[in-house]
Every structure is written in structure tokens, then in C-alpha cells.
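The file protein22.cif contains mmCIF, C-alpha atoms, pLDDT in the B column; chains and numbers go by the auth columns:
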```cif
data_work
#
loop_
_atom_site.group_PDB
_atom_site.id
_atom_site.type_symbol
_atom_site.label_atom_id
_atom_site.label_comp_id
_atom_site.label_asym_id
_atom_site.label_seq_id
_atom_site.Cartn_x
_atom_site.Cartn_y
_atom_site.Cartn_z
_atom_site.B_iso_or_equiv
_atom_site.auth_seq_id
_atom_site.auth_asym_id
ATOM 1 C CA MET A 1 0.000 0.000 0.000 37.00 1 V
ATOM 2 C CA TRP A 2 1.304 3.466 -0.959 40.00 2 V
ATOM 3 C CA LYS A 3 1.666 5.965 1.897 40.00 3 V
ATOM 4 C CA LEU A 4 2.235 9.687 1.861 42.00 4 V
ATOM 5 C CA PRO A 5 5.690 10.796 2.957 50.00 5 V
ATOM 6 C CA LEU A 6 5.782 11.567 6.669 47.00 6 V
ATOM 7 C CA MET A 7 6.095 15.342 6.126 47.00 7 V
ATOM 8 C CA ALA A 8 3.018 15.346 3.879 50.00 8 V
ATOM 9 C CA ARG A 9 1.004 13.732 6.700 49.00 9 V
ATOM 10 C CA VAL A 10 2.056 16.370 9.231 60.00 10 V
ATOM 11 C CA GLN A 11 -0.207 19.426 9.436 78.00 11 V
ATOM 12 C CA MET A 12 1.812 22.440 8.321 86.00 12 V
ATOM 13 C CA THR A 13 0.877 26.105 8.673 92.00 13 V
ATOM 14 C CA GLN A 14 2.115 28.990 6.534 94.00 14 V
ATOM 15 C CA ILE A 15 3.710 31.792 8.524 97.00 15 V
ATOM 16 C CA PHE A 16 4.858 35.179 7.192 98.00 16 V
ATOM 17 C CA VAL A 17 7.831 36.611 9.094 98.00 17 V
ATOM 18 C CA TYR A 18 8.902 40.226 8.583 98.00 18 V
ATOM 19 C CA GLY A 19 11.257 40.989 11.481 97.00 19 V
ATOM 20 C CA THR A 20 13.939 39.394 13.616 97.00 20 V
ATOM 21 C CA LEU A 21 13.012 35.835 12.541 97.00 21 V
ATOM 22 C CA LYS A 22 13.993 36.387 8.886 98.00 22 V
ATOM 23 C CA LYS A 23 17.220 34.986 7.444 97.00 23 V
ATOM 24 C CA GLY A 24 20.193 37.094 8.487 96.00 24 V
ATOM 25 C CA GLN A 25 18.363 38.646 11.444 97.00 25 V
ATOM 26 C CA PRO A 26 19.064 38.244 15.187 96.00 26 V
ATOM 27 C CA ASN A 27 16.429 35.583 15.958 97.00 27 V
ATOM 28 C CA TYR A 28 16.634 33.539 12.757 97.00 28 V
ATOM 29 C CA PHE A 29 18.446 30.824 14.740 97.00 29 V
ATOM 30 C CA GLU A 30 15.077 30.056 16.382 96.00 30 V
ATOM 31 C CA MET A 31 13.603 29.116 12.978 96.00 31 V
ATOM 32 C CA VAL A 32 16.296 26.502 12.345 96.00 32 V
ATOM 33 C CA ASP A 33 16.517 25.103 15.885 97.00 33 V
ATOM 34 C CA LYS A 34 15.045 21.591 15.575 96.00 34 V
ATOM 35 C CA ASN A 35 14.178 21.667 19.289 97.00 35 V
ATOM 36 C CA ASN A 36 11.573 24.319 18.433 97.00 36 V
ATOM 37 C CA GLY A 37 10.003 22.220 15.677 96.00 37 V
ATOM 38 C CA LYS A 38 10.183 22.226 11.883 94.00 38 V
ATOM 39 C CA ALA A 39 10.233 25.324 9.689 95.00 39 V
ATOM 40 C CA GLU A 40 10.779 25.154 5.946 92.00 40 V
ATOM 41 C CA TYR A 41 11.601 28.328 4.034 93.00 41 V
ATOM 42 C CA CYS A 42 9.252 28.682 1.072 92.00 42 V
ATOM 43 C CA GLY A 43 9.904 32.091 -0.393 94.00 43 V
ATOM 44 C CA LYS A 44 9.475 35.836 -0.236 97.00 44 V
ATOM 45 C CA ALA A 45 6.302 37.883 -0.298 97.00 45 V
ATOM 46 C CA GLN A 46 4.815 41.235 0.528 98.00 46 V
ATOM 47 C CA THR A 47 1.499 42.105 2.093 98.00 47 V
ATOM 48 C CA VAL A 48 -1.285 42.954 -0.332 98.00 48 V
ATOM 49 C CA GLU A 49 -2.543 45.636 2.044 98.00 49 V
ATOM 50 C CA LYS A 50 -0.439 48.353 3.610 98.00 50 V
ATOM 51 C CA TYR A 51 0.422 48.038 7.299 98.00 51 V
ATOM 52 C CA PRO A 52 2.575 50.148 9.623 98.00 52 V
ATOM 53 C CA LEU A 53 5.819 48.269 10.306 98.00 53 V
ATOM 54 C CA VAL A 54 7.518 50.278 13.042 98.00 54 V
ATOM 55 C CA ILE A 55 10.505 49.873 15.325 98.00 55 V
ATOM 56 C CA ALA A 56 9.417 50.697 18.854 96.00 56 V
ATOM 57 C CA GLY A 57 9.982 50.347 22.575 92.00 57 V
ATOM 58 C CA LYS A 58 13.171 50.522 24.567 93.00 58 V
ATOM 59 C CA TYR A 59 14.470 47.348 22.871 95.00 59 V
ATOM 60 C CA ASN A 60 13.786 48.584 19.298 96.00 60 V
ATOM 61 C CA ILE A 61 11.515 45.690 18.410 96.00 61 V
ATOM 62 C CA PRO A 62 9.821 45.534 14.989 97.00 62 V
ATOM 63 C CA PHE A 63 6.030 45.645 15.313 97.00 63 V
ATOM 64 C CA LEU A 64 3.525 45.116 12.524 98.00 64 V
ATOM 65 C CA LEU A 65 0.586 47.196 13.702 98.00 65 V
ATOM 66 C CA ASN A 66 -2.735 45.676 12.727 97.00 66 V
ATOM 67 C CA VAL A 67 -3.974 48.825 11.009 97.00 67 V
ATOM 68 C CA PRO A 68 -4.741 47.736 7.424 96.00 68 V
ATOM 69 C CA GLY A 69 -4.545 50.501 4.840 96.00 69 V
ATOM 70 C CA SER A 70 -1.952 52.529 6.752 96.00 70 V
ATOM 71 C CA GLY A 71 1.835 52.369 6.350 96.00 71 V
ATOM 72 C CA GLN A 72 3.439 50.393 3.528 97.00 72 V
ATOM 73 C CA GLN A 73 3.241 47.001 1.892 98.00 73 V
ATOM 74 C CA VAL A 74 5.559 44.926 4.052 98.00 74 V
ATOM 75 C CA ARG A 75 8.124 42.475 2.679 98.00 75 V
ATOM 76 C CA GLY A 76 9.071 39.265 4.435 98.00 76 V
ATOM 77 C CA GLU A 77 9.536 35.510 4.186 98.00 77 V
ATOM 78 C CA ILE A 78 7.072 32.637 4.114 96.00 78 V
ATOM 79 C CA TYR A 79 7.680 29.415 6.031 95.00 79 V
ATOM 80 C CA TYR A 80 5.756 26.207 6.462 93.00 80 V
ATOM 81 C CA VAL A 81 5.879 25.311 10.157 95.00 81 V
ATOM 82 C CA ASP A 82 4.697 22.239 12.020 95.00 82 V
ATOM 83 C CA LYS A 83 2.499 22.299 15.119 95.00 83 V
ATOM 84 C CA GLN A 84 5.485 22.262 17.490 96.00 84 V
ATOM 85 C CA MET A 85 7.110 25.272 15.782 97.00 85 V
ATOM 86 C CA LEU A 86 3.772 27.096 15.683 97.00 86 V
ATOM 87 C CA GLN A 87 3.405 26.596 19.428 97.00 87 V
ATOM 88 C CA PHE A 88 6.980 27.786 19.938 97.00 88 V
ATOM 89 C CA LEU A 89 6.349 30.899 17.802 98.00 89 V
ATOM 90 C CA ASP A 90 3.149 31.678 19.714 97.00 90 V
ATOM 91 C CA LYS A 91 5.139 31.610 22.950 96.00 91 V
ATOM 92 C CA PHE A 92 8.116 33.467 21.435 95.00 92 V
ATOM 93 C CA GLU A 93 5.804 36.217 20.130 95.00 93 V
ATOM 94 C CA ASP A 94 3.863 36.325 23.426 92.00 94 V
ATOM 95 C CA CYS A 95 0.669 35.535 21.528 93.00 95 V
ATOM 96 C CA PRO A 96 -1.990 36.696 22.155 92.00 96 V
ATOM 97 C CA ARG A 97 -0.835 39.294 24.713 89.00 97 V
ATOM 98 C CA MET A 98 1.789 41.191 22.676 88.00 98 V
ATOM 99 C CA TYR A 99 1.173 39.861 19.155 94.00 99 V
ATOM 100 C CA GLN A 100 -1.841 38.177 17.613 96.00 100 V
ATOM 101 C CA ARG A 101 -1.578 35.537 14.902 96.00 101 V
ATOM 102 C CA THR A 102 -3.448 37.207 12.039 96.00 102 V
ATOM 103 C CA PRO A 103 -4.261 35.851 8.558 97.00 103 V
ATOM 104 C CA MET A 104 -2.907 38.146 5.836 97.00 104 V
ATOM 105 C CA LYS A 105 -3.049 38.124 2.071 97.00 105 V
ATOM 106 C CA LEU A 106 0.397 38.149 0.462 97.00 106 V
ATOM 107 C CA TRP A 107 1.784 38.636 -3.036 96.00 107 V
ATOM 108 C CA VAL A 108 4.341 35.953 -3.786 95.00 108 V
ATOM 109 C CA GLU A 109 7.641 37.494 -4.945 96.00 109 V
ATOM 110 C CA GLU A 110 9.690 34.293 -4.992 93.00 110 V
ATOM 111 C CA TRP A 111 8.913 30.628 -4.319 89.00 111 V
ATOM 112 C CA LYS A 112 11.627 28.130 -3.544 83.00 112 V
ATOM 113 C CA VAL A 113 11.625 25.179 -5.886 59.00 113 V
ATOM 114 C CA GLY A 114 11.213 22.044 -3.826 59.00 114 V
ATOM 115 C CA SER A 115 8.785 23.431 -1.255 53.00 115 V
ATOM 116 C CA ASN A 116 6.598 20.361 -1.569 54.00 116 V
ATOM 117 C CA LEU A 117 4.523 20.759 1.558 55.00 117 V
ATOM 118 C CA SER A 118 1.556 22.190 -0.335 54.00 118 V
ATOM 119 C CA GLU A 119 -0.598 20.573 -2.982 56.00 119 V
ATOM 120 C CA VAL A 120 -0.450 23.822 -4.955 64.00 120 V
ATOM 121 C CA THR A 121 2.774 25.646 -5.745 79.00 121 V
ATOM 122 C CA PRO A 122 2.139 29.385 -5.904 84.00 122 V
ATOM 123 C CA THR A 123 3.486 31.308 -8.868 86.00 123 V
ATOM 124 C CA VAL A 124 5.287 34.624 -8.636 89.00 124 V
ATOM 125 C CA GLY A 125 2.648 37.362 -8.538 90.00 125 V
ATOM 126 C CA SER A 126 -0.073 35.124 -7.145 92.00 126 V
ATOM 127 C CA ILE A 127 -1.856 35.894 -3.892 94.00 127 V
ATOM 128 C CA ILE A 128 -1.789 33.482 -0.957 93.00 128 V
ATOM 129 C CA GLU A 129 -2.811 33.697 2.686 95.00 129 V
ATOM 130 C CA ALA A 130 -0.520 33.085 5.638 96.00 130 V
ATOM 131 C CA PHE A 131 -0.472 33.980 9.309 97.00 131 V
ATOM 132 C CA ALA A 132 1.618 36.898 10.542 98.00 132 V
ATOM 133 C CA TYR A 133 2.219 38.080 14.072 97.00 133 V
ATOM 134 C CA SER A 134 0.740 41.576 14.125 97.00 134 V
ATOM 135 C CA THR A 135 -0.411 43.607 17.099 96.00 135 V
ATOM 136 C CA THR A 136 -3.425 45.559 18.223 95.00 136 V
ATOM 137 C CA THR A 137 -1.839 46.150 21.640 92.00 137 V
ATOM 138 C CA TYR A 138 0.479 49.042 20.863 94.00 138 V
ATOM 139 C CA GLN A 139 1.087 52.522 22.211 94.00 139 V
ATOM 140 C CA PRO A 140 -0.992 55.133 20.323 95.00 140 V
ATOM 141 C CA GLU A 141 2.127 57.217 19.571 96.00 141 V
ATOM 142 C CA TRP A 142 3.570 54.294 17.581 97.00 142 V
ATOM 143 C CA LEU A 143 1.219 55.312 14.758 96.00 143 V
ATOM 144 C CA ASN A 144 3.399 58.432 14.360 96.00 144 V
ATOM 145 C CA LEU A 145 6.667 56.486 13.993 97.00 145 V
ATOM 146 C CA THR A 146 8.443 55.934 10.683 97.00 146 V
ATOM 147 C CA CYS A 147 6.919 53.020 8.760 97.00 147 V
ATOM 148 C CA PHE A 148 9.188 50.605 6.938 97.00 148 V
ATOM 149 C CA ASP A 149 8.477 48.259 4.038 97.00 149 V
ATOM 150 C CA SER A 150 11.144 45.839 5.246 97.00 150 V
ATOM 151 C CA TYR A 151 12.916 45.290 8.552 97.00 151 V
ATOM 152 C CA ASP A 152 16.653 44.919 8.958 96.00 152 V
ATOM 153 C CA ALA A 153 18.065 44.937 12.492 96.00 153 V
ATOM 154 C CA TYR A 154 21.351 46.120 11.015 94.00 154 V
ATOM 155 C CA GLY A 155 19.806 48.793 8.752 92.00 155 V
ATOM 156 C CA ASP A 156 20.671 52.464 8.502 92.00 156 V
ATOM 157 C CA HIS A 157 17.710 53.491 10.689 93.00 157 V
ATOM 158 C CA GLY A 158 20.053 53.713 13.693 90.00 158 V
ATOM 159 C CA LEU A 159 17.699 51.803 16.007 94.00 159 V
ATOM 160 C CA ILE A 160 19.740 48.989 17.516 92.00 160 V
ATOM 161 C CA TYR A 161 17.725 45.887 18.382 93.00 161 V
ATOM 162 C CA THR A 162 18.381 44.541 21.881 90.00 162 V
ATOM 163 C CA GLU A 163 18.565 40.758 21.841 89.00 163 V
ATOM 164 C CA ARG A 164 16.447 38.910 24.414 82.00 164 V
ATOM 165 C CA LYS A 165 19.427 37.548 26.311 82.00 165 V
ATOM 166 C CA LYS A 166 20.622 41.138 26.909 85.00 166 V
ATOM 167 C CA ARG A 167 17.301 42.498 28.228 84.00 167 V
#
```

Can you dump the structure from the file as C-alpha cells?
Amino acid sequence: MWKLPLMARVQMTQIFVYGTLKKGQPNYFEMVDKNNGKAEYCGKAQTVEKYPLVIAGKYNIPFLLNVPGSGQQVRGEIYYVDKQMLQFLDKFEDCPRMYQRTPMKLWVEEWKVGSNLSEVTPTVGSIIEAFAYSTTTYQPEWLNLTCFDSYDAYGDHGLIYTERKKR
């Protein structure tokens, strides 16, 4: 009897990351730590709607404010994650207190060949839906901060991100 490969039988969830969890950013190591679960990089995308992506608080944390129609279209990465990684990310993002896992429509900019965890492979320019950790629990003055279309902890914005172990 033919059986699906193990990974195909595991429920996977699409997550859009736009901040410190992206490749090359300070918390990316959490995405590849097998103790946290499984995360497979799928590609790059940007939000269909505009959102304010701001850097705020004393630790210069990137926040995607859940204010659709304001800010900019935000660029990030799409991952398939298993249940264990999803639970880890919920805890890591202090969901639902600080961030809320929110479904968002995304334009696919790039899709990694070999991301076989979906029955349908999106094409560049197509629209998909994935969860992102956005927030409705922000300080009102954050709406007046500079909005970014992409986050880079090492960018020229001059706002140095404080890693968790140094807080």
C-alpha cells in the first residue's frame, strides 16, 4: 500500500515573518533550531494591504501594527511550520498578549523550488494567505513612527535591536 511521505502527513501552517526571525536577522536561529520544531523556508512575499511596520519600545523591536490601509506594503519571508514550531512561535511572540496571529493576504515574490509541503505551488505574482504576528496592543504614539516596508536589524535606521538575552 502506498503511503504519503511523513512530512506530507504532518499538518503544516504557513507563517509570514517580517522581522527578527527572517534569514540574516538576530532571531533567525530560532527558525532553524530543531528543538523548536520544523520550519521550511518557502519564499518571499509582501502584504497585499499596507500596514505600519515600526521599530518601537526601549528594545527597538519591529512591530507590525494591525492597522490595514496605513503604512506600507511589508516584505518578508514565508515558512511552512509544524504544530510544534507554531506553538513555539506563539510563545516566542507572546501571543496573544503582545502579538496576535493574524491571517494576511500576500503577493508571492519568490517561491523556492522544492517546497513540496503544499498541494499547490504558488506562482510569482499570485496571492496566498498566511499567518503573521501583528499587534493591536500598541502605544498610540507608535502610529506616528516611521513606517518601513522591510525590517533589517542592522539597517541604517540607527535603532539597535536589543537581543532577548541582553534584556

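Shortest separation to Phe92 in chain V among V:Thr123, V:Phe16, V:Lys22, V:Asn27 occurs at residue V:Asn27, atoms counted being all atoms listed in the file.
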
(message) Residues proximal to (14.0, 24.7, 20.5) were defined as those with any atom within 12 Å of that point in the file's coordinates, counting all atoms listed in the file. Which are they, as a PyMOL selection string?
(response) chain V and resi 29-39+84-89+91-92

(request) Decode the PyMOL selection byres ((chain V and resi 53) around 8) for the given file into explicit residues and return them as number ranges by chain. (result) V: 51-52, 54-55, 62-65, 71-72, 74, 147-151

(request) State, in Å with one decimal place, the distance from CA of Arg97 in chain V to CA of Leu21 in chain V. (result) 18.8 Å

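Closest approach to Ser70 in chain V from the set V:Pro122, V:Lys50, V:Lys83, V:Tyr133 is made by V:Lys50, with distances taken over all atoms listed in the file.
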
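Counting all atoms listed in the file, the residue from V:Gly57, V:Gly125, V:Gly158, V:Pro103 that sits nearest to Tyr138 in chain V is V:Gly57.
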
Within 10 Å of range 23-26 of chain V, counting all atoms listed in the file, which residues show up once you throw out same-chain ones fewer than 3 positions away? Write them as a PDB file with C-alpha atoms, keeping the file's coordinate frame, please.
```
ATOM      1  CA  VAL V  17       7.831  36.611   9.094  1.00 98.00           C
ATOM      2  CA  TYR V  18       8.902  40.226   8.583  1.00 98.00           C
ATOM      3  CA  GLY V  19      11.257  40.989  11.481  1.00 97.00           C
ATOM      4  CA  THR V  20      13.939  39.394  13.616  1.00 97.00           C
ATOM      5  CA  PHE V  29      18.446  30.824  14.740  1.00 97.00           C
ATOM      6  CA  GLU V  30      15.077  30.056  16.382  1.00 96.00           C
ATOM      7  CA  MET V  31      13.603  29.116  12.978  1.00 96.00           C
ATOM      8  CA  VAL V  32      16.296  26.502  12.345  1.00 96.00           C
ATOM      9  CA  TYR V  41      11.601  28.328   4.034  1.00 93.00           C
ATOM     10  CA  GLY V  76       9.071  39.265   4.435  1.00 98.00           C
ATOM     11  CA  GLU V  77       9.536  35.510   4.186  1.00 98.00           C
ATOM     12  CA  TYR V 151      12.916  45.290   8.552  1.00 97.00           C
ATOM     13  CA  ASP V 152      16.653  44.919   8.958  1.00 96.00           C
ATOM     14  CA  ALA V 153      18.065  44.937  12.492  1.00 96.00           C
ATOM     15  CA  TYR V 154      21.351  46.120  11.015  1.00 94.00           C
ATOM     16  CA  TYR V 161      17.725  45.887  18.382  1.00 93.00           C
ATOM     17  CA  THR V 162      18.381  44.541  21.881  1.00 90.00           C
ATOM     18  CA  GLU V 163      18.565  40.758  21.841  1.00 89.00           C
ATOM     19  CA  ARG V 164      16.447  38.910  24.414  1.00 82.00           C
TER      20      ARG V 164
END
```

(message) To test your reading of the syntax: which residues would the PyMOL selection byres ((chain V and resi 137) around 8) return for the file shown? Reply as a list in words.
(response) Arg97, Met98, Tyr99, Thr135, Thr136, Tyr138 and Gln139 of chain V

If you keep C-alpha atoms, can you produce a file of those selected residues as a tab-separated table (two decimals), keeping the file's coordinate frame?
```tsv
chain	number	residue	atom	x	y	z
V	97	ARG	CA	-0.84	39.29	24.71
V	98	MET	CA	1.79	41.19	22.68
V	99	TYR	CA	1.17	39.86	19.16
V	135	THR	CA	-0.41	43.61	17.10
V	136	THR	CA	-3.42	45.56	18.22
V	138	TYR	CA	0.48	49.04	20.86
V	139	GLN	CA	1.09	52.52	22.21
```

Centre, edges in Å (one decimal): axis-aligned box, range 70-81 of chain V, 4 Å padding on all six sides, as JSON:
```
{"center_x": 3.8, "center_y": 38.9, "center_z": 6.0, "size_x": 19.5, "size_y": 35.2, "size_z": 16.3}
```

(request) Name the closest residue to Gly69 in chain V among the candidates V:Ala56, V:Val81, V:Trp142, V:Glu49; distances are taken between atoms, counting only C-alpha atoms. (result) V:Glu49

(message) What does the structure give for the distance between CA of Glu109 in chain V and CA of Asp82 in chain V, in Å to one decimal?
(response)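 Atom-to-atom, CA of Glu109 in chain V and CA of Asp82 in chain V are spaced 23.0 Å apart.
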
(request) Quote the spacing between CA of Phe131 in chain V and CA of Glu110 in chain V in Å to one decimal place. (result) 17.5 Å

(request) Could you tell me which of V:Gln14, V:Gln73, V:Thr146, V:Asn60 comes closest to Thr47 in chain V if we count all atoms listed in the file? (result)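 Of V:Gln14, V:Gln73, V:Thr146, V:Asn60, the one nearest Thr47 in chain V is V:Gln73, counting all atoms listed in the file.
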
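Distance check against Leu106 in chain V using only C-alpha atoms: of V:Ser134, V:Ser126, V:Asn144, V:Gln11, the minimum falls on V:Ser126.
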
(message) For a cutoff of 10 Å around the file-coordinate point (-1.7, 33.6, -2.7), which residues qualify once you count all atoms listed in the file? I'd like the result as an NGL selection string.
(response) :V and (45 or 48 or 104-108 or 121-130)

Please complete range 133-163 of chain V with N, CA and C atoms and give it back as a PDB file, keeping the file's coordinate frame.
```
ATOM      1  N   TYR V 133       2.383  37.603  12.702  1.00 97.00           N
ATOM      2  CA  TYR V 133       2.219  38.080  14.072  1.00 97.00           C
ATOM      3  C   TYR V 133       2.168  39.615  14.028  1.00 97.00           C
ATOM      4  N   SER V 134       0.947  40.129  14.094  1.00 97.00           N
ATOM      5  CA  SER V 134       0.740  41.576  14.125  1.00 97.00           C
ATOM      6  C   SER V 134       0.217  41.928  15.515  1.00 97.00           C
ATOM      7  N   THR V 135       0.041  43.225  15.769  1.00 96.00           N
ATOM      8  CA  THR V 135      -0.411  43.607  17.099  1.00 96.00           C
ATOM      9  C   THR V 135      -1.489  44.679  17.061  1.00 96.00           C
ATOM     10  N   THR V 136      -2.419  44.524  17.965  1.00 95.00           N
ATOM     11  CA  THR V 136      -3.425  45.559  18.223  1.00 95.00           C
ATOM     12  C   THR V 136      -3.160  46.193  19.590  1.00 95.00           C
ATOM     13  N   THR V 137      -2.151  45.675  20.283  1.00 92.00           N
ATOM     14  CA  THR V 137      -1.839  46.150  21.640  1.00 92.00           C
ATOM     15  C   THR V 137      -0.562  46.986  21.593  1.00 92.00           C
ATOM     16  N   TYR V 138      -0.675  48.167  21.019  1.00 94.00           N
ATOM     17  CA  TYR V 138       0.479  49.042  20.863  1.00 94.00           C
ATOM     18  C   TYR V 138       0.180  50.405  21.466  1.00 94.00           C
ATOM     19  N   GLN V 139       1.229  51.165  21.695  1.00 94.00           N
ATOM     20  CA  GLN V 139       1.087  52.522  22.211  1.00 94.00           C
ATOM     21  C   GLN V 139       0.554  53.427  21.093  1.00 94.00           C
ATOM     22  N   PRO V 140      -0.412  54.273  21.370  1.00 95.00           N
ATOM     23  CA  PRO V 140      -0.992  55.133  20.323  1.00 95.00           C
ATOM     24  C   PRO V 140       0.049  55.956  19.557  1.00 95.00           C
ATOM     25  N   GLU V 141       1.110  56.400  20.239  1.00 96.00           N
ATOM     26  CA  GLU V 141       2.127  57.217  19.571  1.00 96.00           C
ATOM     27  C   GLU V 141       2.923  56.431  18.527  1.00 96.00           C
ATOM     28  N   TRP V 142       2.867  55.095  18.576  1.00 97.00           N
ATOM     29  CA  TRP V 142       3.570  54.294  17.581  1.00 97.00           C
ATOM     30  C   TRP V 142       3.033  54.558  16.177  1.00 97.00           C
ATOM     31  N   LEU V 143       1.792  55.005  16.072  1.00 96.00           N
ATOM     32  CA  LEU V 143       1.219  55.312  14.758  1.00 96.00           C
ATOM     33  C   LEU V 143       1.920  56.497  14.100  1.00 96.00           C
ATOM     34  N   ASN V 144       2.671  57.279  14.886  1.00 96.00           N
ATOM     35  CA  ASN V 144       3.399  58.432  14.360  1.00 96.00           C
ATOM     36  C   ASN V 144       4.849  58.116  14.018  1.00 96.00           C
ATOM     37  N   LEU V 145       5.281  56.881  14.279  1.00 97.00           N
ATOM     38  CA  LEU V 145       6.667  56.486  13.993  1.00 97.00           C
ATOM     39  C   LEU V 145       6.857  56.248  12.498  1.00 97.00           C
ATOM     40  N   THR V 146       8.107  56.253  12.072  1.00 97.00           N
ATOM     41  CA  THR V 146       8.443  55.934  10.683  1.00 97.00           C
ATOM     42  C   THR V 146       7.999  54.513  10.369  1.00 97.00           C
ATOM     43  N   CYS V 147       7.345  54.347   9.227  1.00 97.00           N
ATOM     44  CA  CYS V 147       6.919  53.020   8.760  1.00 97.00           C
ATOM     45  C   CYS V 147       7.914  52.506   7.732  1.00 97.00           C
ATOM     46  N   PHE V 148       8.232  51.243   7.838  1.00 97.00           N
ATOM     47  CA  PHE V 148       9.188  50.605   6.938  1.00 97.00           C
ATOM     48  C   PHE V 148       8.465  49.591   6.056  1.00 97.00           C
ATOM     49  N   ASP V 149       9.034  49.317   4.884  1.00 97.00           N
ATOM     50  CA  ASP V 149       8.477  48.259   4.038  1.00 97.00           C
ATOM     51  C   ASP V 149       9.209  46.944   4.276  1.00 97.00           C
ATOM     52  N   SER V 150      10.342  47.023   4.949  1.00 97.00           N
ATOM     53  CA  SER V 150      11.144  45.839   5.246  1.00 97.00           C
ATOM     54  C   SER V 150      11.962  46.132   6.493  1.00 97.00           C
ATOM     55  N   TYR V 151      12.149  45.121   7.325  1.00 97.00           N
ATOM     56  CA  TYR V 151      12.916  45.290   8.552  1.00 97.00           C
ATOM     57  C   TYR V 151      14.296  44.684   8.399  1.00 97.00           C
ATOM     58  N   ASP V 152      15.288  45.421   8.873  1.00 96.00           N
ATOM     59  CA  ASP V 152      16.653  44.919   8.958  1.00 96.00           C
ATOM     60  C   ASP V 152      17.237  45.447  10.265  1.00 96.00           C
ATOM     61  N   ALA V 153      17.526  44.541  11.190  1.00 96.00           N
ATOM     62  CA  ALA V 153      18.065  44.937  12.492  1.00 96.00           C
ATOM     63  C   ALA V 153      19.365  45.714  12.344  1.00 96.00           C
ATOM     64  N   TYR V 154      20.046  45.499  11.224  1.00 94.00           N
ATOM     65  CA  TYR V 154      21.351  46.120  11.015  1.00 94.00           C
ATOM     66  C   TYR V 154      21.263  47.261   9.998  1.00 94.00           C
ATOM     67  N   GLY V 155      20.039  47.751   9.751  1.00 92.00           N
ATOM     68  CA  GLY V 155      19.806  48.793   8.752  1.00 92.00           C
ATOM     69  C   GLY V 155      20.313  50.154   9.172  1.00 92.00           C
ATOM     70  N   ASP V 156      20.159  51.114   8.263  1.00 92.00           N
ATOM     71  CA  ASP V 156      20.671  52.464   8.502  1.00 92.00           C
ATOM     72  C   ASP V 156      19.699  53.336   9.297  1.00 92.00           C
ATOM     73  N   HIS V 157      18.676  52.735   9.888  1.00 93.00           N
ATOM     74  CA  HIS V 157      17.710  53.491  10.689  1.00 93.00           C
ATOM     75  C   HIS V 157      18.287  53.929  12.031  1.00 93.00           C
ATOM     76  N   GLY V 158      19.393  53.313  12.463  1.00 90.00           N
ATOM     77  CA  GLY V 158      20.053  53.713  13.693  1.00 90.00           C
ATOM     78  C   GLY V 158      19.402  53.194  14.970  1.00 90.00           C
ATOM     79  N   LEU V 159      18.404  52.342  14.840  1.00 94.00           N
ATOM     80  CA  LEU V 159      17.699  51.803  16.007  1.00 94.00           C
ATOM     81  C   LEU V 159      18.216  50.393  16.273  1.00 94.00           C
ATOM     82  N   ILE V 160      19.064  50.260  17.260  1.00 92.00           N
ATOM     83  CA  ILE V 160      19.740  48.989  17.516  1.00 92.00           C
ATOM     84  C   ILE V 160      18.828  48.058  18.318  1.00 92.00           C
ATOM     85  N   TYR V 161      18.557  46.904  17.743  1.00 93.00           N
ATOM     86  CA  TYR V 161      17.725  45.887  18.382  1.00 93.00           C
ATOM     87  C   TYR V 161      18.476  45.283  19.570  1.00 93.00           C
ATOM     88  N   THR V 162      17.793  45.178  20.703  1.00 90.00           N
ATOM     89  CA  THR V 162      18.381  44.541  21.881  1.00 90.00           C
ATOM     90  C   THR V 162      17.936  43.091  21.925  1.00 90.00           C
ATOM     91  N   GLU V 163      18.890  42.184  21.812  1.00 89.00           N
ATOM     92  CA  GLU V 163      18.565  40.758  21.841  1.00 89.00           C
ATOM     93  C   GLU V 163      17.988  40.368  23.188  1.00 89.00           C
TER      94      GLU V 163
END
```
